[in-house]
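J.: PDB, C-alpha atoms and all ligand atoms, file upload_5.pdb:
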ATOM      1  CA  MET A   1     112.934  99.943 111.323
ATOM      2  CA  LYS A   2     115.620  99.305 113.953
ATOM      3  CA  HIS A   3     115.797 103.029 114.613
ATOM      4  CA  LEU A   4     112.025 103.181 115.298
ATOM      5  CA  GLU A   5     112.260 100.128 117.564
ATOM      6  CA  ASP A   6     114.893 101.962 119.624
ATOM      7  CA  ILE A   7     112.592 104.974 119.934
ATOM      8  CA  VAL A   8     109.744 102.726 121.115
ATOM      9  CA  CYS A   9     112.109 101.245 123.751
ATOM     10  CA  ASN A  10     112.974 104.758 124.910
ATOM     11  CA  LEU A  11     109.282 105.674 125.179
ATOM     12  CA  ASN A  12     108.590 102.561 127.259
ATOM     13  CA  ARG A  13     111.620 103.310 129.458
ATOM     14  CA  ARG A  14     110.030 106.685 130.223
ATOM     15  CA  GLY A  15     106.731 105.065 131.249
ATOM     16  CA  PHE A  16     104.716 105.414 128.054
ATOM     17  CA  LYS A  17     102.927 102.347 126.684
ATOM     18  CA  ALA A  18     104.452 102.378 123.250
ATOM     19  CA  CYS A  19     104.374 100.084 120.242
ATOM     20  CA  LEU A  20     105.479 100.147 116.611
ATOM     21  CA  VAL A  21     103.108  99.409 113.726
ATOM     22  CA  PRO A  22     103.831  99.328 109.988
ATOM     23  CA  ASP A  23     101.142 101.626 108.617
ATOM     24  CA  ALA A  24      98.087 103.836 109.222
ATOM     25  CA  SER A  25      95.653 100.958 108.973
ATOM     26  CA  SER A  26      97.522  98.993 111.669
ATOM     27  CA  ALA A  27      97.601 102.120 113.845
ATOM     28  CA  CYS A  28      93.818 102.347 113.573
ATOM     29  CA  GLU A  29      93.399  98.687 114.572
ATOM     30  CA  ARG A  30      95.756  99.071 117.541
ATOM     31  CA  ALA A  31      93.913 102.204 118.718
ATOM     32  CA  LEU A  32      90.568 100.386 118.469
ATOM     33  CA  GLU A  33      91.969  97.524 120.602
ATOM     34  CA  ILE A  34      93.138  99.995 123.256
ATOM     35  CA  ILE A  35      89.903 102.013 123.307
ATOM     36  CA  GLY A  36      87.383  99.149 123.333
ATOM     37  CA  GLY A  37      83.942 100.591 124.103
ATOM     38  CA  GLY A  38      85.168 103.782 125.795
ATOM     39  CA  SER A  39      84.215 107.335 124.911
ATOM     40  CA  VAL A  40      86.774 109.179 122.805
ATOM     41  CA  GLY A  41      87.849 112.788 122.363
ATOM     42  CA  ILE A  42      90.016 113.615 119.371
ATOM     43  CA  GLY A  43      92.322 116.601 119.037
ATOM     44  CA  GLY A  44      92.960 118.378 115.742
ATOM     45  CA  SER A  45      95.053 115.874 113.840
ATOM     46  CA  LEU A  46      95.673 115.085 110.187
ATOM     47  CA  SER A  47      97.457 111.934 111.353
ATOM     48  CA  VAL A  48      94.361 110.625 113.135
ATOM     49  CA  GLU A  49      92.200 111.624 110.162
ATOM     50  CA  GLN A  50      94.456 109.627 107.820
ATOM     51  CA  THR A  51      93.995 106.454 109.885
ATOM     52  CA  GLY A  52      90.193 106.508 109.461
ATOM     53  CA  LEU A  53      89.805 106.008 113.224
ATOM     54  CA  TYR A  54      86.905 108.462 113.642
ATOM     55  CA  GLU A  55      84.728 106.639 111.108
ATOM     56  CA  ARG A  56      85.527 103.242 112.653
ATOM     57  CA  LEU A  57      84.675 104.470 116.156
ATOM     58  CA  VAL A  58      81.358 105.955 115.012
ATOM     59  CA  ALA A  59      80.512 102.727 113.155
ATOM     60  CA  ASN A  60      81.335 100.732 116.299
ATOM     61  CA  GLY A  61      78.978 102.874 118.398
ATOM     62  CA  ASN A  62      81.620 104.592 120.558
ATOM     63  CA  LYS A  63      80.716 108.052 121.819
ATOM     64  CA  VAL A  64      83.109 110.360 119.944
ATOM     65  CA  PHE A  65      83.839 114.081 120.338
ATOM     66  CA  TRP A  66      85.860 115.685 117.531
ATOM     67  CA  HIS A  67      85.537 119.384 116.819
ATOM     68  CA  TRP A  68      86.665 118.812 113.203
ATOM     69  CA  LYS A  69      83.462 116.808 112.658
ATOM     70  CA  ASP A  70      81.083 117.631 115.507
ATOM     71  CA  GLY A  71      81.383 121.385 116.102
ATOM     72  CA  ALA A  72      83.085 123.642 118.624
ATOM     73  CA  GLN A  73      81.470 122.196 121.765
ATOM     74  CA  ALA A  74      83.136 118.862 121.008
ATOM     75  CA  LYS A  75      86.515 120.486 121.699
ATOM     76  CA  ARG A  76      85.454 120.980 125.332
ATOM     77  CA  ASP A  77      83.613 117.648 125.647
ATOM     78  CA  ALA A  78      86.669 115.800 124.307
ATOM     79  CA  ALA A  79      88.616 116.709 127.422
ATOM     80  CA  SER A  80      86.421 114.562 129.679
ATOM     81  CA  ALA A  81      86.264 111.433 127.514
ATOM     82  CA  ASP A  82      87.692 108.070 128.603
ATOM     83  CA  PHE A  83      90.351 108.307 125.885
ATOM     84  CA  TYR A  84      91.912 111.298 124.148
ATOM     85  CA  VAL A  85      93.479 110.645 120.750
ATOM     86  CA  CYS A  86      95.795 112.976 118.862
ATOM     87  CA  SER A  87      99.305 113.076 117.425
ATOM     88  CA  ALA A  88     102.467 114.861 118.519
ATOM     89  CA  ASN A  89     104.133 117.532 116.408
ATOM     90  CA  ALA A  90     107.480 115.871 117.025
ATOM     91  CA  LEU A  91     108.928 112.855 118.824
ATOM     92  CA  THR A  92     112.548 112.912 119.935
ATOM     93  CA  GLU A  93     114.813 109.914 119.440
ATOM     94  CA  ASP A  94     115.108 109.529 123.194
ATOM     95  CA  GLY A  95     111.331 109.225 123.542
ATOM     96  CA  ILE A  96     109.913 112.673 124.309
ATOM     97  CA  PRO A  97     106.673 113.618 122.498
ATOM     98  CA  VAL A  98     106.577 117.370 121.824
ATOM     99  CA  LEU A  99     103.366 119.263 121.120
ATOM    100  CA  THR A 100     102.659 122.888 120.263
ATOM    101  CA  ASP A 101      99.081 124.165 120.456
ATOM    102  CA  GLY A 102      97.338 127.397 119.644
ATOM    103  CA  SER A 103      94.674 126.964 122.332
ATOM    104  CA  GLY A 104      96.371 124.342 124.510
ATOM    105  CA  ASN A 105      93.543 121.828 124.162
ATOM    106  CA  ARG A 106      95.717 118.830 123.310
ATOM    107  CA  ILE A 107      98.373 119.665 125.872
ATOM    108  CA  ALA A 108      95.722 120.155 128.568
ATOM    109  CA  ALA A 109      94.080 116.814 127.766
ATOM    110  CA  LEU A 110      97.412 114.978 127.772
ATOM    111  CA  SER A 111      98.251 116.541 131.138
ATOM    112  CA  PHE A 112      95.036 116.209 133.174
ATOM    113  CA  GLY A 113      91.331 115.538 132.660
ATOM    114  CA  THR A 114      91.113 112.523 130.377
ATOM    115  CA  ARG A 115      91.786 109.086 131.842
ATOM    116  CA  ASN A 116      93.887 107.753 128.980
ATOM    117  CA  ALA A 117      95.641 109.212 125.977
ATOM    118  CA  VAL A 118      96.587 107.633 122.662
ATOM    119  CA  LEU A 119      99.180 109.365 120.494
ATOM    120  CA  ILE A 120      99.528 108.247 116.867
ATOM    121  CA  VAL A 121     102.873 109.438 115.514
ATOM    122  CA  GLY A 122     104.226 108.910 111.996
ATOM    123  CA  LYS A 123     107.957 108.495 111.368
ATOM    124  CA  ASN A 124     108.139 111.910 109.692
ATOM    125  CA  LYS A 125     107.734 113.441 113.186
ATOM    126  CA  ILE A 126     111.010 112.009 114.537
ATOM    127  CA  ALA A 127     113.534 114.644 115.662
ATOM    128  CA  GLY A 128     117.044 114.173 117.008
ATOM    129  CA  ASP A 129     116.462 116.084 120.243
ATOM    130  CA  CYS A 130     114.204 118.744 121.801
ATOM    131  CA  ARG A 131     115.886 121.589 119.926
ATOM    132  CA  GLU A 132     115.393 119.819 116.605
ATOM    133  CA  ALA A 133     111.799 119.110 117.624
ATOM    134  CA  VAL A 134     111.064 122.820 118.068
ATOM    135  CA  MET A 135     112.813 123.600 114.776
ATOM    136  CA  ARG A 136     110.669 120.982 113.076
ATOM    137  CA  ILE A 137     107.471 122.326 114.626
ATOM    138  CA  ARG A 138     108.223 125.884 113.488
ATOM    139  CA  SER A 139     109.313 124.926 109.974
ATOM    140  CA  ALA A 140     107.561 125.850 106.755
ATOM    141  CA  GLU A 141     106.667 122.168 106.306
ATOM    142  CA  CYS A 142     104.965 121.915 109.711
ATOM    143  CA  ALA A 143     103.695 125.236 111.169
ATOM    144  CA  GLY A 144     103.792 126.943 107.782
ATOM    145  CA  ALA A 145     101.745 124.226 106.105
ATOM    146  CA  ASN A 146      99.336 124.092 109.041
ATOM    147  CA  ALA A 147      98.844 127.860 109.054
ATOM    148  CA  ALA A 148      98.287 127.856 105.290
ATOM    149  CA  ARG A 149      95.795 124.997 105.645
ATOM    150  CA  LEU A 150      93.873 127.094 108.184
ATOM    151  CA  GLY A 151      93.966 130.167 105.909
ATOM    152  CA  LYS A 152      96.196 132.098 108.311
ATOM    153  CA  HIS A 153      98.795 134.642 107.239
ATOM    154  CA  THR A 154     101.897 134.093 109.334
ATOM    155  CA  PRO A 155     105.561 134.428 108.331
ATOM    156  CA  CYS A 156     105.941 130.627 108.280
ATOM    157  CA  ALA A 157     103.003 130.322 105.872
ATOM    158  CA  ASP A 158     103.642 133.376 103.690
ATOM    159  CA  LEU A 159     107.455 133.537 103.683
ATOM    160  CA  GLY A 160     108.444 130.018 104.709
ATOM    161  CA  ILE A 161     110.332 131.165 107.813
ATOM    162  CA  CYS A 162     109.500 131.488 111.506
ATOM    163  CA  ASP A 163     110.377 134.822 113.096
ATOM    164  CA  ASP A 164     108.749 134.082 116.482
ATOM    165  CA  CYS A 165     105.965 136.263 115.164
ATOM    166  CA  THR A 166     103.558 138.510 117.045
ATOM    167  CA  SER A 167     100.881 137.936 114.421
ATOM    168  CA  PRO A 168      97.316 137.787 115.795
ATOM    169  CA  GLU A 169      97.037 134.680 113.608
ATOM    170  CA  ARG A 170      99.987 132.934 115.287
ATOM    171  CA  ILE A 171      99.178 129.221 115.625
ATOM    172  CA  CYS A 172     101.844 128.222 118.140
ATOM    173  CA  SER A 173     101.243 129.539 121.647
ATOM    174  CA  VAL A 174     101.916 126.687 124.076
ATOM    175  CA  THR A 175     104.635 124.017 123.798
ATOM    176  CA  ALA A 176     104.970 120.960 126.027
ATOM    177  CA  PHE A 177     107.731 118.355 126.298
ATOM    178  CA  PHE A 178     106.390 115.127 127.804
ATOM    179  CA  GLU A 179     109.504 113.745 129.468
ATOM    180  CA  ARG A 180     107.238 111.228 131.165
ATOM    181  CA  PRO A 181     103.524 110.526 130.830
ATOM    182  CA  SER A 182     101.522 112.891 133.003
ATOM    183  CA  GLY A 183     100.697 111.502 136.450
ATOM    184  CA  GLY A 184      97.221 112.961 135.939
ATOM    185  CA  LEU A 185      96.325 110.186 133.480
ATOM    186  CA  GLN A 186      96.092 106.428 133.991
ATOM    187  CA  ASN A 187      97.813 105.498 130.720
ATOM    188  CA  THR A 188      99.487 107.320 127.859
ATOM    189  CA  TYR A 189      99.840 105.074 124.826
ATOM    190  CA  VAL A 190     102.092 105.991 121.897
ATOM    191  CA  ILE A 191     101.619 104.221 118.577
ATOM    192  CA  VAL A 192     104.670 104.878 116.405
ATOM    193  CA  VAL A 193     103.916 104.323 112.721
ATOM    194  CA  ASP A 194     106.558 103.280 110.158
ATOM    195  CA  GLU A 195     104.907 105.589 107.624
ATOM    196  CA  ASN A 196     104.593 109.336 107.163
ATOM    197  CA  LEU A 197     101.408 110.738 108.732
ATOM    198  CA  GLY A 198     100.230 114.331 109.092
ATOM    199  CA  LEU A 199     102.469 117.383 108.931
TER
HETATM  200  S1  LIG B   1     105.789 131.807 115.731
HETATM  201 FE1  LIG B   1     104.608 132.598 113.976
HETATM  202  S2  LIG B   1     105.999 132.368 112.226
HETATM  203 FE2  LIG B   1     106.797 131.070 113.858
HETATM  204  S3  LIG B   1     105.926 129.052 113.468
HETATM  205 FE3  LIG B   1     104.578 130.101 114.917
HETATM  206  S4  LIG B   1     102.994 131.066 113.640
HETATM  207 FE4  LIG B   1     104.717 130.522 112.309
END
Represent the structure of the file as structure tokens.
T.:
Amino acid sequence: MKHLEDIVCNLNRRGFKACLVPDASSACERALEIIGGGSVGIGGSLSVEQTGLYERLVANGNKVFWHWKDGAQAKRDAASADFYVCSANALTEDGIPVLTDGSGNRIAALSFGTRNAVLIVGKNKIAGDCREAVMRIRSAECAGANAARLGKHTPCADLGICDDCTSPERICSVTAFFERPSGGLQNTYVIVVDENLGL
């Protein structure tokens, strides 16, 4: 727990609004407090799905755009919501969230367009540094499992190794290291969860 507290301190030192919660349910409650009655876009995220946040927002009457539930147009509409919620693929010990996208939708939203972002990051995403973060993202357990989940045939999914593939089904095209929250947003919140979430 001390280790996670240090990471939260490092995130706050960089300008993120970070906190530590014990589990997925607490992460959902904290996100609901932050969001209030605002509109919400959600990026592709098993972590967010595991918190049950989408269902709680819909029940509360928030306007929600999530392409996993609401169709392809929601992926575009999500980018102009009051809040954008997703996870990171990795979080370094010195407080840098790292994301790799296929289409760049999460990275774009966390950089410019939405007013506020909320990242929900389980402790399984912690990496020692940026190099370890990229290794984690391209591992069989992360990219490989994600590609397999999407029915894609990539070396990480089929062989369990990344060879910086040229596959047309490649899922990792754009990587961003958020050394500070983007100046294009008002607030970037990071909820670190003392539980494994997502891949
Ligand atoms: S570059 Fe290709 S093999 Fe490597 S992680 Fe990405 S999709 Fe998998």
J.: Can you find the residues with an atom no farther than 10 Å from (87.2, 117.6, 126.1), counting all atoms listed in the file, and report them as a PyMOL selection string?
T.: chain A and resi 40-43+65-67+73-84+105-106+108-109+113-114
J.: Find the residues around Asn60 in chain A up to 10 Å (all atoms listed in the file counted), leave out those fewer than 5 positions away in its own chain, and share them as a VMD selection string.
T.: chain A and resid 32 36 to 37 54 to 55
J.: Distance limit 12 Å, reference ligand LIG 1 (chain B), atoms considered: only C-alpha atoms and all ligand atoms. Which residues make the cut? Give them as number ranges by chain.
T.: A: 100-102, 134-148, 150-175
J.: Between CA of Leu197 in chain A and CA of Pro22 in chain A, what is the distance in Å, rounded to a tenth?
T.: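 According to the coordinates, CA of Leu197 in chain A and CA of Pro22 in chain A are separated by 11.7 Å.
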J.: Considering all atoms listed in the file, tabulate each residue of range 7-114 of chain A that lies at most 8 Å from range 182-189 of chain A along with its nearest interatomic pair and the corresponding distance in Å to one decimal; arrange the rows by chain and ascending residue number and present them as a Markdown table.
T.:
| residue | atom | partner | partner_atom | distance |
| --- | --- | --- | --- | --- |
| A:Phe16 | CA | A:Thr188 | CA | 5.6 |
| A:Lys17 | CA | A:Tyr189 | CA | 4.5 |
| A:Ala18 | CA | A:Tyr189 | CA | 5.6 |
| A:Leu110 | CA | A:Ser182 | CA | 7.0 |
| A:Ser111 | CA | A:Ser182 | CA | 5.2 |
| A:Phe112 | CA | A:Gly184 | CA | 4.8 |
| A:Gly113 | CA | A:Gly184 | CA | 7.2 |
| A:Thr114 | CA | A:Leu185 | CA | 6.5 |
J.: If you apply the PyMOL selection byres (((chain A and resi 25) around 12) and not hetatm) to this file, what residues do you get, as a list in words?
T.: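 With the PyMOL selection byres (((chain A and resi 25) around 12) and not hetatm) on this model, the match is Val21, Pro22, Asp23, Ala24, Ser26, Ala27, Cys28, Glu29, Arg30, Ala31, Leu32, Ser47, Val48, Glu49, Gln50, Thr51, Gly52, Leu53, Arg56, Ile120, Ile191, Val193, Asp194, Glu195 and Leu197 of chain A.
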J.: Take the residues from that selection and put them in a file with C-alpha atoms, as a PDB file, in the frame of the given file.
T.:
ATOM      1  CA  VAL A  21     103.108  99.409 113.726  1.00  0.00           C
ATOM      2  CA  PRO A  22     103.831  99.328 109.988  1.00  0.00           C
ATOM      3  CA  ASP A  23     101.142 101.626 108.617  1.00  0.00           C
ATOM      4  CA  ALA A  24      98.087 103.836 109.222  1.00  0.00           C
ATOM      5  CA  SER A  26      97.522  98.993 111.669  1.00  0.00           C
ATOM      6  CA  ALA A  27      97.601 102.120 113.845  1.00  0.00           C
ATOM      7  CA  CYS A  28      93.818 102.347 113.573  1.00  0.00           C
ATOM      8  CA  GLU A  29      93.399  98.687 114.572  1.00  0.00           C
ATOM      9  CA  ARG A  30      95.756  99.071 117.541  1.00  0.00           C
ATOM     10  CA  ALA A  31      93.913 102.204 118.718  1.00  0.00           C
ATOM     11  CA  LEU A  32      90.568 100.386 118.469  1.00  0.00           C
ATOM     12  CA  SER A  47      97.457 111.934 111.353  1.00  0.00           C
ATOM     13  CA  VAL A  48      94.361 110.625 113.135  1.00  0.00           C
ATOM     14  CA  GLU A  49      92.200 111.624 110.162  1.00  0.00           C
ATOM     15  CA  GLN A  50      94.456 109.627 107.820  1.00  0.00           C
ATOM     16  CA  THR A  51      93.995 106.454 109.885  1.00  0.00           C
ATOM     17  CA  GLY A  52      90.193 106.508 109.461  1.00  0.00           C
ATOM     18  CA  LEU A  53      89.805 106.008 113.224  1.00  0.00           C
ATOM     19  CA  ARG A  56      85.527 103.242 112.653  1.00  0.00           C
ATOM     20  CA  ILE A 120      99.528 108.247 116.867  1.00  0.00           C
ATOM     21  CA  ILE A 191     101.619 104.221 118.577  1.00  0.00           C
ATOM     22  CA  VAL A 193     103.916 104.323 112.721  1.00  0.00           C
ATOM     23  CA  ASP A 194     106.558 103.280 110.158  1.00  0.00           C
ATOM     24  CA  GLU A 195     104.907 105.589 107.624  1.00  0.00           C
ATOM     25  CA  LEU A 197     101.408 110.738 108.732  1.00  0.00           C
TER      26      LEU A 197
END
J.: Is there a way to get, as a PyMOL selection string, all residues within 12 Å of the point (107.0, 109.1, 118.8) in file coordinates, counting all atoms listed in the file?
T.: chain A and resi 3-12+16-21+86-99+118-129+133+177-179+188-197
J.: Could you check how far CA of Ala117 in chain A sits from CA of Arg13 in chain A, in Å to one decimal?
T.: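 Pair CA of Ala117 in chain A / CA of Arg13 in chain A returns 17.4 Å.
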J.: When you draw a straight line from CA of Glu132 in chain A to CA of Trp68 in chain A, how long is it in Å?
T.: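 Separating CA of Glu132 in chain A from CA of Trp68 in chain A is a distance of 28.9 Å.
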J.: Start from the incomplete input, build N, CA and C atoms for range 164-194 of chain A, and deliver everything as a PDB file, in the frame of the given file.
T.:
ATOM      1  N   ASP A 164     109.341 133.968 115.139  1.00  0.00           N
ATOM      2  CA  ASP A 164     108.749 134.082 116.482  1.00  0.00           C
ATOM      3  C   ASP A 164     107.744 135.232 116.469  1.00  0.00           C
ATOM      4  N   CYS A 165     106.796 135.127 115.547  1.00  0.00           N
ATOM      5  CA  CYS A 165     105.965 136.263 115.164  1.00  0.00           C
ATOM      6  C   CYS A 165     105.034 136.729 116.290  1.00  0.00           C
ATOM      7  N   THR A 166     104.579 137.952 116.148  1.00  0.00           N
ATOM      8  CA  THR A 166     103.558 138.510 117.045  1.00  0.00           C
ATOM      9  C   THR A 166     102.228 138.636 116.301  1.00  0.00           C
ATOM     10  N   SER A 167     102.102 137.894 115.218  1.00  0.00           N
ATOM     11  CA  SER A 167     100.881 137.936 114.421  1.00  0.00           C
ATOM     12  C   SER A 167      99.672 137.538 115.261  1.00  0.00           C
ATOM     13  N   PRO A 168      98.540 138.234 115.109  1.00  0.00           N
ATOM     14  CA  PRO A 168      97.316 137.787 115.795  1.00  0.00           C
ATOM     15  C   PRO A 168      96.868 136.422 115.289  1.00  0.00           C
ATOM     16  N   GLU A 169      97.414 135.984 114.163  1.00  0.00           N
ATOM     17  CA  GLU A 169      97.037 134.680 113.608  1.00  0.00           C
ATOM     18  C   GLU A 169      98.041 133.583 113.975  1.00  0.00           C
ATOM     19  N   ARG A 170      98.980 133.915 114.853  1.00  0.00           N
ATOM     20  CA  ARG A 170      99.987 132.934 115.287  1.00  0.00           C
ATOM     21  C   ARG A 170      99.304 131.636 115.739  1.00  0.00           C
ATOM     22  N   ILE A 171      99.813 130.500 115.279  1.00  0.00           N
ATOM     23  CA  ILE A 171      99.178 129.221 115.625  1.00  0.00           C
ATOM     24  C   ILE A 171      99.917 128.478 116.732  1.00  0.00           C
ATOM     25  N   CYS A 172     101.113 128.947 117.103  1.00  0.00           N
ATOM     26  CA  CYS A 172     101.844 128.222 118.140  1.00  0.00           C
ATOM     27  C   CYS A 172     101.978 129.102 119.380  1.00  0.00           C
ATOM     28  N   SER A 173     101.250 128.742 120.423  1.00  0.00           N
ATOM     29  CA  SER A 173     101.243 129.539 121.647  1.00  0.00           C
ATOM     30  C   SER A 173     101.801 128.787 122.844  1.00  0.00           C
ATOM     31  N   VAL A 174     101.542 127.481 122.898  1.00  0.00           N
ATOM     32  CA  VAL A 174     101.916 126.687 124.076  1.00  0.00           C
ATOM     33  C   VAL A 174     102.660 125.443 123.609  1.00  0.00           C
ATOM     34  N   THR A 175     103.858 125.217 124.164  1.00  0.00           N
ATOM     35  CA  THR A 175     104.635 124.017 123.798  1.00  0.00           C
ATOM     36  C   THR A 175     104.878 123.177 125.046  1.00  0.00           C
ATOM     37  N   ALA A 176     104.723 121.871 124.895  1.00  0.00           N
ATOM     38  CA  ALA A 176     104.970 120.960 126.027  1.00  0.00           C
ATOM     39  C   ALA A 176     105.889 119.829 125.594  1.00  0.00           C
ATOM     40  N   PHE A 177     106.810 119.482 126.482  1.00  0.00           N
ATOM     41  CA  PHE A 177     107.731 118.355 126.298  1.00  0.00           C
ATOM     42  C   PHE A 177     107.328 117.300 127.326  1.00  0.00           C
ATOM     43  N   PHE A 178     106.838 116.166 126.872  1.00  0.00           N
ATOM     44  CA  PHE A 178     106.390 115.127 127.804  1.00  0.00           C
ATOM     45  C   PHE A 178     107.560 114.185 128.093  1.00  0.00           C
ATOM     46  N   GLU A 179     108.346 114.561 129.106  1.00  0.00           N
ATOM     47  CA  GLU A 179     109.504 113.745 129.468  1.00  0.00           C
ATOM     48  C   GLU A 179     109.082 112.417 130.094  1.00  0.00           C
ATOM     49  N   ARG A 180     107.896 112.439 130.688  1.00  0.00           N
ATOM     50  CA  ARG A 180     107.238 111.228 131.165  1.00  0.00           C
ATOM     51  C   ARG A 180     105.744 111.412 130.911  1.00  0.00           C
ATOM     52  N   PRO A 181     104.962 110.333 130.923  1.00  0.00           N
ATOM     53  CA  PRO A 181     103.524 110.526 130.830  1.00  0.00           C
ATOM     54  C   PRO A 181     103.037 111.299 132.050  1.00  0.00           C
ATOM     55  N   SER A 182     102.036 112.135 131.865  1.00  0.00           N
ATOM     56  CA  SER A 182     101.522 112.891 133.003  1.00  0.00           C
ATOM     57  C   SER A 182     100.958 111.958 134.068  1.00  0.00           C
ATOM     58  N   GLY A 183     101.264 112.269 135.337  1.00  0.00           N
ATOM     59  CA  GLY A 183     100.697 111.502 136.450  1.00  0.00           C
ATOM     60  C   GLY A 183      99.209 111.731 136.617  1.00  0.00           C
ATOM     61  N   GLY A 184      98.662 112.694 135.877  1.00  0.00           N
ATOM     62  CA  GLY A 184      97.221 112.961 135.939  1.00  0.00           C
ATOM     63  C   GLY A 184      96.392 111.987 135.125  1.00  0.00           C
ATOM     64  N   LEU A 185      97.034 111.168 134.316  1.00  0.00           N
ATOM     65  CA  LEU A 185      96.325 110.186 133.480  1.00  0.00           C
ATOM     66  C   LEU A 185      96.680 108.774 133.943  1.00  0.00           C
ATOM     67  N   GLN A 186      95.786 107.821 133.645  1.00  0.00           N
ATOM     68  CA  GLN A 186      96.092 106.428 133.991  1.00  0.00           C
ATOM     69  C   GLN A 186      97.118 105.830 133.032  1.00  0.00           C
ATOM     70  N   ASN A 187      96.925 106.081 131.746  1.00  0.00           N
ATOM     71  CA  ASN A 187      97.813 105.498 130.720  1.00  0.00           C
ATOM     72  C   ASN A 187      98.007 106.488 129.578  1.00  0.00           C
ATOM     73  N   THR A 188      99.228 106.585 129.096  1.00  0.00           N
ATOM     74  CA  THR A 188      99.487 107.320 127.859  1.00  0.00           C
ATOM     75  C   THR A 188     100.134 106.359 126.872  1.00  0.00           C
ATOM     76  N   TYR A 189      99.366 105.991 125.865  1.00  0.00           N
ATOM     77  CA  TYR A 189      99.840 105.074 124.826  1.00  0.00           C
ATOM     78  C   TYR A 189     100.454 105.883 123.679  1.00  0.00           C
ATOM     79  N   VAL A 190     101.508 105.365 123.087  1.00  0.00           N
ATOM     80  CA  VAL A 190     102.092 105.991 121.897  1.00  0.00           C
ATOM     81  C   VAL A 190     102.221 104.922 120.816  1.00  0.00           C
ATOM     82  N   ILE A 191     101.535 105.136 119.718  1.00  0.00           N
ATOM     83  CA  ILE A 191     101.619 104.221 118.577  1.00  0.00           C
ATOM     84  C   ILE A 191     102.518 104.883 117.536  1.00  0.00           C
ATOM     85  N   VAL A 192     103.723 104.345 117.389  1.00  0.00           N
ATOM     86  CA  VAL A 192     104.670 104.878 116.405  1.00  0.00           C
ATOM     87  C   VAL A 192     104.431 104.139 115.085  1.00  0.00           C
ATOM     88  N   VAL A 193     104.294 104.905 114.016  1.00  0.00           N
ATOM     89  CA  VAL A 193     103.916 104.323 112.721  1.00  0.00           C
ATOM     90  C   VAL A 193     105.084 104.436 111.741  1.00  0.00           C
ATOM     91  N   ASP A 194     105.447 103.314 111.129  1.00  0.00           N
ATOM     92  CA  ASP A 194     106.558 103.280 110.158  1.00  0.00           C
ATOM     93  C   ASP A 194     106.060 103.783 108.800  1.00  0.00           C
TER      94      ASP A 194
END
